[in-house]
Each structure stands twice: as structure tokens, then as C-alpha cells.
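Q: Quick one, input13.txt (compact mmCIF, C-alpha atoms):
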# COMPACT_ATOMS: atom_id res chain seq x y z
CA MET A 1 104.89 220.55 208.17
CA MET A 2 108.40 220.51 206.99
CA MET A 3 111.73 222.14 206.99
CA PHE A 4 115.40 221.50 207.22
CA LEU A 5 118.96 221.58 206.14
CA PRO A 6 121.86 219.32 205.22
CA GLN A 7 123.37 216.70 207.45
CA SER A 8 120.96 214.04 208.55
CA GLY A 9 117.27 214.27 209.06
CA ALA A 10 114.07 212.45 209.84
CA LEU A 11 110.39 213.07 209.30
CA PHE A 12 107.52 212.47 211.67
CA THR A 13 104.00 212.86 210.43
CA LEU A 14 101.16 212.84 212.88
CA PHE A 15 97.62 212.80 211.67
CA PRO A 16 95.72 212.34 214.87
CA SER A 17 92.20 212.29 213.82
CA CYS A 18 89.39 210.78 215.78
CA ASN A 19 86.69 212.55 217.78
CA SER A 20 85.84 215.61 215.69
CA ARG A 21 86.96 216.98 212.44
CA SER A 22 89.00 219.63 214.17
CA ARG A 23 91.06 216.84 215.57
CA THR A 24 92.02 215.53 212.16
CA ILE A 25 95.50 216.93 212.43
CA THR A 26 98.90 216.42 210.94
CA PHE A 27 102.01 216.25 213.03
CA SER A 28 105.03 215.93 210.78
CA VAL A 29 108.49 216.13 212.15
CA PHE A 30 111.67 216.33 210.12
CA VAL A 31 114.59 215.65 212.36
CA ILE A 32 118.15 216.45 211.36
CA LEU A 33 120.67 214.75 213.59
CA PHE A 34 124.45 214.88 213.67
CA LEU A 35 127.18 214.72 216.27
CA TYR A 36 128.05 217.91 218.12
CA CYS A 37 129.51 219.01 221.42
CA CYS A 38 128.10 218.65 224.91
CA VAL A 39 124.51 219.47 225.88
CA GLU A 40 123.67 220.80 229.32
CA ASN A 41 120.35 218.97 229.77
CA GLU A 42 120.40 215.27 230.50
CA ALA A 43 118.59 213.46 227.73
CA ALA A 44 115.66 211.27 228.71
CA LEU A 45 116.58 209.26 225.65
CA VAL A 46 119.82 207.30 225.38
CA LEU A 47 121.13 208.10 221.91
CA PRO A 48 123.25 205.67 219.90
CA ASN A 49 127.04 206.18 219.88
CA ASN A 50 126.77 208.82 222.62
CA GLU A 51 125.33 211.27 220.12
CA THR A 52 124.29 214.70 221.42
CA ILE A 53 122.06 217.34 219.86
CA PRO A 54 122.99 221.06 220.07
CA ALA A 55 119.70 222.69 219.07
CA ILE A 56 116.14 222.20 217.87
CA PHE A 57 114.41 224.34 215.23
CA VAL A 58 110.67 224.06 214.69
CA PHE A 59 108.33 224.95 211.82
CA GLY A 60 104.62 224.45 211.35
CA ASP A 61 101.29 225.25 212.96
CA SER A 62 99.59 225.58 216.36
CA ILE A 63 100.69 222.13 217.53
CA VAL A 64 104.20 223.60 217.97
CA ASP A 65 103.62 227.38 218.07
CA PRO A 66 104.82 228.66 221.48
CA GLY A 67 103.70 232.23 220.85
CA ASN A 68 104.77 233.53 217.44
CA ASN A 69 101.18 234.55 216.71
CA ASN A 70 100.87 236.69 219.85
CA ASN A 71 101.55 239.97 218.08
CA LEU A 72 100.13 239.10 214.68
CA PRO A 73 96.77 240.51 213.48
CA THR A 74 95.13 237.07 213.55
CA ILE A 75 92.44 235.38 215.61
CA ALA A 76 94.63 232.26 215.86
CA LYS A 77 96.08 232.95 219.30
CA GLY A 78 96.44 231.21 222.62
CA ASN A 79 98.09 233.81 224.86
CA PHE A 80 95.22 234.11 227.32
CA LEU A 81 93.57 231.93 229.92
CA PRO A 82 92.55 229.17 230.13
CA TYR A 83 95.44 228.37 227.72
CA GLY A 84 98.58 227.80 229.74
CA ARG A 85 96.70 227.30 232.99
CA ASP A 86 98.95 224.32 233.88
CA PHE A 87 102.11 225.92 232.48
CA LYS A 88 104.63 227.35 234.95
CA ASP A 89 104.60 230.78 233.27
CA GLY A 90 100.88 230.88 232.53
CA PRO A 91 99.65 231.65 228.99
CA THR A 92 102.55 232.03 226.53
CA GLY A 93 100.80 231.54 223.21
CA ARG A 94 101.04 227.74 223.31
CA PHE A 95 97.77 226.19 222.19
CA SER A 96 97.63 223.85 225.16
CA ASN A 97 97.04 223.76 228.89
CA GLY A 98 100.81 223.24 229.24
CA ARG A 99 103.75 222.19 227.11
CA VAL A 100 103.53 221.23 223.44
CA PRO A 101 105.28 218.48 221.39
CA SER A 102 108.34 220.53 220.48
CA ASP A 103 109.04 221.08 224.19
CA PHE A 104 108.83 217.35 224.90
CA ILE A 105 111.00 216.49 221.88
CA ALA A 106 113.67 218.97 223.00
CA GLU A 107 113.58 217.45 226.46
CA GLU A 108 113.77 213.89 225.13
CA PHE A 109 116.92 214.73 223.17
CA GLY A 110 118.49 216.58 226.09
CA VAL A 111 118.52 220.01 224.45
CA LYS A 112 116.32 221.96 226.87
CA ASP A 113 112.90 221.86 228.52
CA LEU A 114 111.16 224.53 226.46
CA VAL A 115 111.49 225.73 222.87
CA PRO A 116 110.70 229.48 222.77
CA ALA A 117 109.06 231.47 220.01
CA TYR A 118 111.48 233.17 217.63
CA LEU A 119 109.30 236.31 217.68
CA ASP A 120 109.25 236.49 221.50
CA PRO A 121 110.53 240.00 222.34
CA LYS A 122 112.35 238.51 225.37
CA LEU A 123 114.29 235.97 223.28
CA THR A 124 117.99 235.84 224.20
CA ILE A 125 120.93 234.83 222.05
CA GLN A 126 121.39 231.72 224.22
CA ASP A 127 117.78 230.76 223.46
CA LEU A 128 118.55 231.12 219.78
CA LEU A 129 121.75 229.06 219.94
CA THR A 130 119.89 226.07 221.38
CA GLY A 131 116.89 226.44 219.09
CA VAL A 132 113.58 228.20 218.64
CA SER A 133 110.21 227.70 217.01
CA PHE A 134 109.14 229.62 213.92
CA ALA A 135 105.75 227.87 213.84
CA SER A 136 102.58 229.90 213.40
CA GLY A 137 99.20 228.66 214.59
CA ALA A 138 96.70 228.00 211.75
CA ALA A 139 99.46 227.73 209.11
CA GLY A 140 99.33 225.10 206.36
CA TYR A 141 100.94 223.84 203.19
CA ASP A 142 98.14 225.25 201.04
CA PRO A 143 98.88 228.98 200.47
CA ILE A 144 95.19 229.81 200.95
CA THR A 145 95.28 228.30 204.45
CA ASN A 146 97.79 230.94 205.56
CA GLN A 147 95.94 233.76 203.80
CA LEU A 148 92.62 232.86 205.42
CA ALA A 149 94.12 233.01 208.91
CA ASN A 150 96.61 235.82 208.24
CA VAL A 151 99.51 233.85 209.73
CA ILE A 152 103.12 233.09 208.83
CA SER A 153 103.35 230.68 205.91
CA LEU A 154 105.99 227.96 205.74
CA PRO A 155 108.06 229.97 203.24
CA GLY A 156 107.73 232.92 205.63
CA GLN A 157 108.93 230.74 208.50
CA LEU A 158 111.87 229.64 206.38
CA ASP A 159 112.75 233.31 205.83
CA LEU A 160 112.75 233.82 209.61
CA PHE A 161 115.06 230.81 209.95
CA LYS A 162 117.48 232.34 207.44
CA GLU A 163 117.36 235.57 209.44
CA SER A 164 118.17 233.60 212.61
CA ILE A 165 121.20 232.02 210.94
CA THR A 166 122.65 235.49 210.38
CA LYS A 167 122.16 236.26 214.07
CA ILE A 168 123.78 232.98 215.13
CA LYS A 169 126.79 233.64 212.90
CA SER A 170 127.17 237.12 214.35
CA ALA A 171 127.08 235.72 217.88
CA VAL A 172 129.41 232.72 217.62
CA GLY A 173 131.17 232.95 214.28
CA GLU A 174 130.85 231.06 211.01
CA GLU A 175 132.45 227.79 212.12
CA LYS A 176 130.47 227.22 215.32
CA ALA A 177 127.28 228.39 213.64
CA ALA A 178 127.79 225.84 210.87
CA THR A 179 128.19 223.09 213.46
CA ILE A 180 125.01 224.06 215.30
CA ILE A 181 122.96 224.35 212.13
CA SER A 182 124.21 221.12 210.58
CA LYS A 183 123.73 218.98 213.70
CA ALA A 184 120.45 220.34 215.03
CA ILE A 185 117.04 218.66 215.00
CA TYR A 186 114.51 220.23 212.64
CA ILE A 187 110.81 219.62 213.24
CA VAL A 188 107.99 220.37 210.83
CA VAL A 189 104.39 220.05 211.99
CA CYS A 190 101.72 220.99 209.50
CA GLY A 191 98.74 219.91 207.38
CA SER A 192 95.84 219.75 209.81
CA ASN A 193 94.59 223.23 208.92
CA ASP A 194 94.63 222.38 205.22
CA VAL A 195 92.37 219.42 205.97
CA ALA A 196 90.05 220.80 208.66
CA ASN A 197 89.92 224.51 207.85
CA THR A 198 90.61 225.06 204.15
CA TYR A 199 89.22 221.92 202.56
CA PHE A 200 86.27 221.10 204.79
CA ALA A 201 85.33 224.42 206.42
CA THR A 202 85.40 226.62 203.30
CA PRO A 203 84.08 226.20 199.74
CA ILE A 204 87.34 227.36 198.17
CA ARG A 205 89.02 224.06 197.29
CA ARG A 206 86.32 221.38 197.34
CA PRO A 207 84.60 222.36 194.07
CA HIS A 208 87.94 221.98 192.27
CA TYR A 209 89.61 219.08 194.10
CA ASP A 210 88.49 215.66 195.25
CA PHE A 211 90.37 213.94 198.09
CA ASN A 212 93.00 212.45 195.83
CA SER A 213 93.75 215.61 193.87
CA TYR A 214 93.77 217.85 196.95
CA THR A 215 96.23 215.62 198.78
CA ASP A 216 98.40 215.67 195.63
CA PHE A 217 98.13 219.46 195.64
CA ALA A 218 99.03 219.84 199.34
CA ALA A 219 101.80 217.24 199.12
CA SER A 220 103.34 219.16 196.22
CA TYR A 221 103.71 222.20 198.47
CA ALA A 222 105.22 220.00 201.16
CA GLN A 223 107.72 218.75 198.60
CA GLN A 224 108.58 222.29 197.52
CA PHE A 225 109.25 223.24 201.11
CA LEU A 226 111.51 220.24 201.59
CA GLN A 227 113.38 220.88 198.39
CA ARG A 228 114.07 224.43 199.52
CA THR A 229 115.59 223.13 202.72
CA ILE A 230 117.69 220.27 201.40
CA GLY A 231 118.30 221.34 197.98
CA GLY A 232 81.79 213.09 214.66
CA GLY A 233 78.45 214.21 214.74
CA LYS A 234 76.68 215.09 218.02
CA ASN A 235 78.45 212.26 219.85
CA ARG A 236 81.85 213.54 218.68
CA ASP A 237 82.48 210.37 216.75
CA CYS A 238 85.22 210.10 214.16
CA TYR A 239 84.60 211.98 210.93
CA ASP A 240 85.10 209.44 208.19
CA ASP A 241 85.76 211.94 205.40
CA GLU A 242 88.31 213.97 207.36
CA ASN A 243 90.10 210.84 208.51
CA GLU A 244 90.11 209.38 205.01
CA LEU A 245 91.68 212.58 203.70
CA ALA A 246 94.21 212.60 206.55
CA ARG A 247 95.28 209.01 205.89
CA LEU A 248 95.50 209.69 202.15
CA PHE A 249 97.62 212.78 202.77
CA ASN A 250 99.96 210.74 204.98
CA ASP A 251 100.38 208.25 202.15
CA LYS A 252 101.23 211.09 199.77
CA LEU A 253 103.76 212.57 202.20
CA SER A 254 105.38 209.17 202.57
CA GLY A 255 105.68 209.08 198.78
CA VAL A 256 107.25 212.55 198.80
CA VAL A 257 109.90 211.34 201.22
CA ASP A 258 110.61 208.25 199.12
CA SER A 259 110.93 210.44 196.04
CA LEU A 260 113.36 212.80 197.77
CA LYS A 261 115.48 209.87 198.92
CA ALA A 262 115.69 208.63 195.34
CA THR A 263 116.38 212.08 193.87
CA TYR A 264 118.90 213.50 196.31
CA ASN A 265 122.02 211.48 197.09
CA LEU A 266 123.07 213.09 200.38
CA PRO A 267 125.21 210.62 202.34
CA ASP A 268 125.05 212.66 205.55
CA THR A 269 121.30 213.07 205.45
CA LYS A 270 118.58 210.73 206.67
CA ILE A 271 114.93 211.32 205.86
CA ILE A 272 112.58 209.07 207.79
CA PHE A 273 108.81 209.13 207.54
CA LEU A 274 106.95 208.37 210.76
CA ASP A 275 103.17 208.06 210.51
CA ILE A 276 101.77 208.94 213.92
CA TYR A 277 98.10 208.68 212.98
CA TYR A 278 97.67 205.31 214.62
CA PRO A 279 99.53 205.98 217.89
CA LEU A 280 97.18 208.90 218.61
CA LEU A 281 94.18 206.88 217.49
CA SER A 282 95.30 204.15 219.88
CA LEU A 283 95.58 206.71 222.68
CA ILE A 284 92.02 207.81 222.01
CA GLU A 285 90.67 204.27 221.87
CA ASN A 286 92.73 202.86 224.77
CA GLY A 287 93.26 205.93 226.90
CA ALA A 288 92.00 204.36 230.10
CA LYS A 289 95.26 202.47 230.56
CA TYR A 290 97.09 205.82 230.62
CA GLY A 291 94.68 207.33 233.15
CA PHE A 292 92.45 209.19 230.69
CA LYS A 293 88.73 209.25 231.36
CA VAL A 294 87.44 211.54 228.60
CA PHE A 295 88.28 210.81 224.96
CA ASN A 296 85.57 212.48 222.88
CA LYS A 297 85.75 216.13 223.88
CA GLY A 298 88.22 218.69 225.15
CA CYS A 299 88.65 220.17 228.61
CA CYS A 300 88.18 223.83 227.65
CA GLY A 301 84.61 225.05 227.87
CA THR A 302 82.13 222.57 226.47
CA GLY A 303 85.06 220.80 224.81
CA LEU A 304 83.23 220.57 221.51
CA LEU A 305 83.94 223.72 219.53
CA GLU A 306 86.25 225.88 221.62
CA ALA A 307 89.70 226.54 220.18
CA SER A 308 91.87 229.64 219.84
CA ILE A 309 89.83 232.78 220.64
CA PHE A 310 86.79 230.63 221.41
CA CYS A 311 88.68 229.01 224.28
CA ASN A 312 88.91 232.18 226.34
CA PRO A 313 88.34 233.49 229.89
CA LEU A 314 84.59 233.16 229.37
CA SER A 315 85.17 229.41 228.92
CA ILE A 316 86.75 229.01 232.34
CA PRO A 317 83.55 228.32 234.33
CA LEU A 318 82.65 225.49 231.95
CA SER A 319 86.15 224.03 231.70
CA CYS A 320 87.11 220.77 233.37
CA PRO A 321 88.96 220.91 236.70
CA ASP A 322 91.59 218.32 235.67
CA ALA A 323 92.94 218.36 232.12
CA SER A 324 95.15 215.34 232.81
CA ILE A 325 92.20 212.97 232.42
CA TYR A 326 91.37 214.40 228.96
CA VAL A 327 93.07 213.31 225.74
CA PHE A 328 92.19 216.71 224.24
CA TRP A 329 92.65 220.13 225.77
CA ASP A 330 90.29 222.04 223.48
CA GLY A 331 88.19 221.24 220.43
CA TYR A 332 91.34 220.91 218.32
CA HIS A 333 94.52 220.30 220.34
CA PRO A 334 95.56 217.34 222.51
CA SER A 335 96.31 217.96 226.18
CA GLU A 336 99.78 218.32 227.67
CA LYS A 337 99.48 214.83 229.17
CA ALA A 338 98.56 213.31 225.80
CA TYR A 339 101.63 214.94 224.23
CA SER A 340 103.82 213.77 227.12
CA ILE A 341 102.80 210.17 226.43
CA LEU A 342 102.89 210.28 222.63
CA VAL A 343 106.26 211.96 222.08
CA PRO A 344 108.46 209.43 223.97
CA ILE A 345 106.58 206.50 222.43
CA ILE A 346 107.07 207.79 218.90
CA ILE A 347 110.71 208.80 219.34
CA ASN A 348 111.70 205.53 220.96
CA MET A 349 110.00 203.59 218.16
CA HIS A 350 112.25 205.22 215.55
CA VAL A 351 115.36 206.64 217.22
CA SER A 352 117.60 203.92 215.83
CA GLU A 353 116.66 205.02 212.31
CA PHE A 354 118.02 208.53 212.90
CA PHE A 355 121.66 207.46 213.16
Hey, can you dump this file as C-alpha cells for me?

A:
Amino acid sequence: MMMFLPQSGALFTLFPSCNSRSRTITFSVFVILFLYCCVENEAALVLPNNETIPAIFVFGDSIVDPGNNNNLPTIAKGNFLPYGRDFKDGPTGRFSNGRVPSDFIAEEFGVKDLVPAYLDPKLTIQDLLTGVSFASGAAGYDPITNQLANVISLPGQLDLFKESITKIKSAVGEEKAATIISKAIYIVVCGSNDVANTYFATPIRRPHYDFNSYTDFAASYAQQFLQRTIGGGKNRDCYDDENELARLFNDKLSGVVDSLKATYNLPDTKIIFLDIYYPLLSLIENGAKYGFKVFNKGCCGTGLLEASIFCNPLSIPLSCPDASIYVFWDGYHPSEKAYSILVPIIINMHVSEFF
């Protein structure tokens, strides 16, 4: 889950985990912040020193993929009902009933309400100037994770970002492009597929790596990506092994950030690690105070196994009538309401560290 460029940044890492191994996920966000000109949207968040953010660029997996996988030869897609059933435009490729974290983050910082997919054929230059998502559902740090799902790897997403820079420069010139790129927010959300799909669902890595060595292995790829950018059971209970691996991976990622801070002396750059494992866990365990009634299964279909192509039109008759009372939308992804609660809480906890 990572990516970015010079001039001030921050890292969120979310490892929501409880209530099924597919929900052991990583949500890492690197945020690069710097002063820039006016922003049309009114920020929900009051930023220090009247700071404004010109754009948001997103990398990672299905947690923040708004439709880049739609035209890829992969089963990891969400561009059909019941996905998007509560979204104003219907199914877009977002793996949710509505908006996803990158949309809420962009709104919180006053950039725009929705972050579109870079590979959307309808993408406009104005969309690009205020930010896009390069994320690809089912992607991971582990190269095998991307190969298994036939999706865009993090290095591949970085190549798309470089391509977008060329387009931005052509549209607004070198100087303005440099301002946008240096003062944007960069989000990286990744790691859950390495844990749930590659390590636990296949026999490829487990014979060769225990928890400690696999998290070292995955964290090393996370570090490489950063360096390139800056220089349950039947009751759907928590899966102890998956959650242990998720927590261990978070610890390793925190160490990667500390190492980068010590190695790279970049006065205009901030790298901040935010572990979001426990806020999501708290939402699961104390959801009633936020209006949630169902915490141990998703809304789509039976809510136990359905995700991606398994959450499809045939799932509609079994799906819940009101996703807003569910913490999870499908067997893997939180609901739009859960994201809408988590994102402001997490940002407000750490916004002062960004500046």
C-alpha cells in the first residue's frame, strides 16, 4: 500500500481484521501535503495554517479501486450489481455499496467528492489535475499476489502515475504541474491480499515462510515501493492467525517508516505511520453506538463468502435491504457507512502531524 513523491507525506495503515479472514485487511495511506492554491470544494476538515490540497493520487488494492479493473482480464471486479447499489451512478467498479475511503479522504481535504479511476475511458483532464486512483483490486506487495489475480502491481501503478505526470505537464505546463504533484496527497492502500489470499489461501508461500519471515518479505517490497517514490469459523469469529499476521505486518511497516525517516533527510517531507487496525476493530466491537446492527457478516448475499464476482446479481435476492446497519458490505469489504465513520476519525486523530 504505498506510493509517493517529494514534499511532505504521511502514512496510514489500516489492518481491519475481525470477523473472517477475508476481513483481515491492510489500509495504508501515505499522504503528501504541501501548500498550494485554492480548492473549489469546501473541506470538511479545518487544516492548519489555512493549508489547501490541490489533488489526491491513490495506489493500492480493492479498498480504493474505483474501477481500474473493469477492463482487465481478471475476476477481481465490482462493476455490476449489487455493487454500487447505493452509489449515485450505480456500479462503477468500486468494491462497495457506495463510496470508498479515497472518496471520503478527498472530501475531507476539500479536493473533490469522488476520486475516479485513471483507466476510466471517460476520464477528463480536469479529473486528472485534481487526482485519480491507480489502485487495482486484488493487488498486493508480494509479486505473486498480483500474478495470481492478474491485476496491476504496485510498480505497474507507479508506471501509470509517471504516465499521468506527462499528461499533466502537457495540459498545464511544467511549473504548475510541479506544484500540483509536490503538494498533492498520496494514498497507498495494500497488504490485505498478501495476507488473506496469497499466504493463507494458497500453498505457495507458507511452506517457505513463517509469520515473521513473510511479514519481513512483504515489508521489504513495501520499502522498495517507498524508496522508488521518495528516492472465524462458522460464527464468523476473528481468525487469530490472520489477525496475528496482520498486526505483525503493521509492526514491520512501522519499522520501515522509521528506517526511511532515519535514512532520508528530506526537510520538506513528513512520513507518518497510522495504524488503523484498532479503530476498525473498535467499530466492529462497538458498532451499536454508530447505528450498526450486524457486525459478523456482510450485506451482500449470505454475507459470508461473497466478494468480487461472487457478489453478483444472483446475490441480490439474499442481500440485506439496508447496508447502513452492516459494518461490512460483502465478505471482504466494509460498507460505505463504515468508511464514512472511520475516515474522519482517523484523519482528525493525526492531521496535526501532517503539517

Q: What is the distance, in Å and to one decimal place, between atom CA of A:Phe249 and atom CA of A:Ser153?

A: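 Computing the Euclidean distance for atom CA of A:Phe249 and atom CA of A:Ser153 yields 19.1 Å.
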
Q: Box time for stretch 52-68 of chain A: axis-aligned, enclosing all its listed atoms, 8 Å extra on each side; report centre and edge lengths in Å to one decimal, as AutoDock Vina command-line options.

A:
--center_x 111.9 --center_y 224.1 --center_z 216.4 --size_x 40.7 --size_y 34.8 --size_z 26.1

Q: Pick out the closest residue to A:Pro321 from this set: A:Asp61, A:Lys289, A:Ser170, A:Pro82. Count only C-alpha atoms.

A: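 Nearest to A:Pro321: A:Pro82.
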
Q: Between atom CA of A:His350 and atom CA of A:Phe273, what distance in Å does the model show, to one decimal?

A: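 Taking atom CA of A:His350 and atom CA of A:Phe273, their separation equals 9.6 Å.
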
Q: Using only C-alpha atoms, determine which residues lie at most 7 Å from A:Val151, disregarding the query and same-chain residues fewer than 6 positions distant; provide the list as a ChimeraX atom specification.

A: /A:74,136,138-139

Q: Could you check how far atom CA of A:Lys167 sits from atom CA of A:Leu129, in Å to one decimal?

A: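 These two atoms are separated by 9.3 Å.
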
Q: Tell me, as number ranges by chain, which residues lie within 10 Å of stretch 110-117 of chain A, counting only C-alpha atoms; anything in the same chain fewer than 4 positions away does not count.

A: A: 38-47, 52-58, 64-70, 92-94, 99-106, 121-124, 127-128, 130-136, 184-185

Q: So, with all atoms listed in the file as the atoms that count, which of A:Pro317, A:Asn97, A:Lys261, A:Asn250 lies closest to A:Tyr83?

A: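 Distance minimum relative to A:Tyr83 lands on A:Asn97.
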
Q: Show me, as a PyMOL selection string, the residues that have an atom within 9 Å of A:Leu253 when counting all atoms listed in the file, minus same-chain residues fewer than 3 positions from it.

A: chain A and resi 13+215+219-220+222-223+248-250+256-258+273

Q: Those residues you just picked out, can you put them in a file as an mmCIF file, keeping the file's coordinate frame with C-alpha atoms?

A:
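Wrote it out as out.cif, contents follow:
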data_model
loop_
_atom_site.group_PDB
_atom_site.id
_atom_site.type_symbol
_atom_site.label_atom_id
_atom_site.label_comp_id
_atom_site.auth_asym_id
_atom_site.auth_seq_id
_atom_site.Cartn_x
_atom_site.Cartn_y
_atom_site.Cartn_z
ATOM 1 C CA THR A 13 104.000 212.860 210.430
ATOM 2 C CA THR A 215 96.230 215.620 198.780
ATOM 3 C CA ALA A 219 101.800 217.240 199.120
ATOM 4 C CA SER A 220 103.340 219.160 196.220
ATOM 5 C CA ALA A 222 105.220 220.000 201.160
ATOM 6 C CA GLN A 223 107.720 218.750 198.600
ATOM 7 C CA LEU A 248 95.500 209.690 202.150
ATOM 8 C CA PHE A 249 97.620 212.780 202.770
ATOM 9 C CA ASN A 250 99.960 210.740 204.980
ATOM 10 C CA VAL A 256 107.250 212.550 198.800
ATOM 11 C CA VAL A 257 109.900 211.340 201.220
ATOM 12 C CA ASP A 258 110.610 208.250 199.120
ATOM 13 C CA PHE A 273 108.810 209.130 207.540
#

Q: Mind checking which residues fall within 8 Å of stretch 198-208 of chain A, counting only C-alpha atoms, ignoring those fewer than 6 positions away in the same chain, and posting them as a list in words?

A: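 After dropping sequence-adjacent residues, the list is Ile144, Thr145, Tyr214 and Glu242 of chain A.
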
Q: Using only C-alpha atoms - which residues lie no farther than 10 Å from the point (100.9, 230.5, 197.8) in the file's frame? Write them as a list in words.

A: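 Protein, DNA and RNA residues close to (100.9, 230.5, 197.8): Tyr141, Asp142, Pro143, Ile144, Thr145, Asn146, Gln147, Ser153, Leu154, Pro155 and Tyr221 of chain A.
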
Q: A:Gly255, A:Gly298, A:Gly156, A:Gly78: which is nearest A:Ala338, counting only C-alpha atoms?

A: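 Of A:Gly255, A:Gly298, A:Gly156, A:Gly78, the one nearest A:Ala338 is A:Gly298, counting only C-alpha atoms.
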
Q: Restricting the calculation to only C-alpha atoms: of A:Phe59, A:Leu158, A:Ser335, A:Ile341, which residue gets closest to A:Phe87?

A: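 Ranked by minimum distance to A:Phe87, first place goes to A:Ser335.
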
Q: Which residue is closest to A:Ser308? Choose from A:Ala246, A:Asn265, A:Asp240, A:Trp329 and count only C-alpha atoms.

A: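 Using only C-alpha atoms, A:Ser308 sits closest to A:Trp329.
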